[in-house]
Structures are given as structure tokens and as C-alpha cells.
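Enquirer: The structure's right below; bear with me while I get my questions together.
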Amino acid sequence: MVRAIPTQYGFKWGACEITRLYSHGGHVTMELETNAEKLRVRVTPSGQFRIEQSGGRKSSMKVMGMIPDTITIPEVRNDRPIPGKEGADG
């Protein structure tokens, strides 16, 4: 288990240091920093995230897609013969 180490305005957790920066008008801003990247995350009063890269290499940031709530399984059709298996059913 990786333990969080408190810092003056946040904590260091594994390879990342999380720091609270400031708040203004209901918005709060924090920074996530590693050796390769520095991101600022602003949370709006309505709970939306605004993320900006404030340091590091552009190639070090990868944006992943949304995690779906459900997994869609495509419909499977069993009425087509399997190639090379004609006549094997009976």
C-alpha cells in the first residue's frame, strides 16, 4: 500500500503530489504534479471539472474515454453455419 505523506498544502502520494492552490467565487483549484506532468484541476460550484496542463511534455498527458455504466454485448446469431463445419452437427 502506498502511503500519503502530508505536505504544507496537500500530500505526496506515490509518484504524484496533490496541492490545493486557491479558491475564488466558489471555484476550487488544485494541482497534480509528477516528474513528467503538471495538471491544474478547477472544480466549478456546479461540480464540473476544468483541467489544464500547466507543465511537462504534451505527450505525457493521455485523455481516456468515459467509463460506461453498462456494457453492451452485441447480438449473437446462431442461424449461420460455421465455415468448414458444414454437416458436423448431425
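In the C-alpha cells, chains take letters A, B, ... by order of appearance, with residues numbered from 1 within each chain and ligands from 1 in the order shown.
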Determine, counting only C-alpha atoms, which protein, DNA and RNA residues have an atom within 10 Å of an atom of region 57-60 of chain A; residues of the same chain fewer than 3 positions away are not included. Present the result as a VMD selection string.
Expert: chain A and resid 36 to 38 53 to 54
Enquirer: Quick one: write out the picked residues with N, CA and C atoms as an mmCIF file, in the first residue's frame?
Expert:
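Final output, out.cif:
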```cif
data_model
loop_
_atom_site.group_PDB
_atom_site.id
_atom_site.type_symbol
_atom_site.label_atom_id
_atom_site.label_comp_id
_atom_site.auth_asym_id
_atom_site.auth_seq_id
_atom_site.Cartn_x
_atom_site.Cartn_y
_atom_site.Cartn_z
ATOM 1 N N ALA A 36 6.865 13.981 -14.791
ATOM 2 C CA ALA A 36 6.624 14.167 -16.221
ATOM 3 C C ALA A 36 5.518 15.159 -16.534
ATOM 4 N N GLU A 37 4.699 15.527 -15.574
ATOM 5 C CA GLU A 37 3.467 16.254 -15.879
ATOM 6 C C GLU A 37 3.060 17.156 -14.728
ATOM 7 N N LYS A 38 2.358 18.232 -15.077
ATOM 8 C CA LYS A 38 1.752 19.097 -14.070
ATOM 9 C C LYS A 38 0.374 19.513 -14.596
ATOM 10 N N GLN A 53 -3.197 21.616 -18.670
ATOM 11 C CA GLN A 53 -1.824 21.171 -18.494
ATOM 12 C C GLN A 53 -0.983 22.408 -18.238
ATOM 13 N N SER A 54 -0.343 22.468 -17.077
ATOM 14 C CA SER A 54 0.434 23.658 -16.730
ATOM 15 C C SER A 54 1.935 23.414 -16.765
#
```
Enquirer: Between CA of Arg42 (chain A) and CA of Met30 (chain A), what is the distance in Å, rounded to a tenth?
Expert: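 Atom-to-atom, CA of Arg42 (chain A) to CA of Met30 (chain A), that is 6.5 Å.
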Enquirer: Closest to Phe49 (chain A) among A:Arg3, A:Gly65, A:His27, A:Arg20, using only C-alpha atoms?
Expert: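 Counting only C-alpha atoms, the residue closest to Phe49 (chain A) is A:His27.
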Enquirer: I'd like the neighbourhood of Gly26 (chain A) as a ChimeraX atom specification, where a residue qualifies if any of its atoms comes within 10 Å (using only C-alpha atoms), though same-chain residues fewer than 5 positions away should be ignored.
Expert: /A:43-46
Enquirer: So that I have them on file, write out the residues from the current selection with C-alpha atoms, as a CSV table (one decimal), in the first residue's frame.
Expert:
```csv
chain,number,residue,atom,x,y,z
A,43,VAL,CA,-13.9,22.4,-9.9
A,44,THR,CA,-16.8,24.8,-10.5
A,45,PRO,CA,-19.6,25.4,-8.0
A,46,SER,CA,-21.8,23.1,-10.0
```
Enquirer: So that I can see what lies close to region 12-17 of chain A, please list as a list of chain:residue names the residues with an atom at most 9 Å from it, counting only C-alpha atoms and leaving out residues fewer than 6 positions away in the same chain.
Expert: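 Neighbouring residues, sequence-local ones excluded: A:Val2, A:Arg3, A:Ala4, A:Ile5, A:Pro6, A:Glu31, A:Leu32, A:Glu33, A:Thr34, A:Asn35.
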Enquirer: Grab the CA of Gly56 (chain A) to CA of Leu39 (chain A) distance for me, in Å with one decimal place.
Expert: 8.8 Å
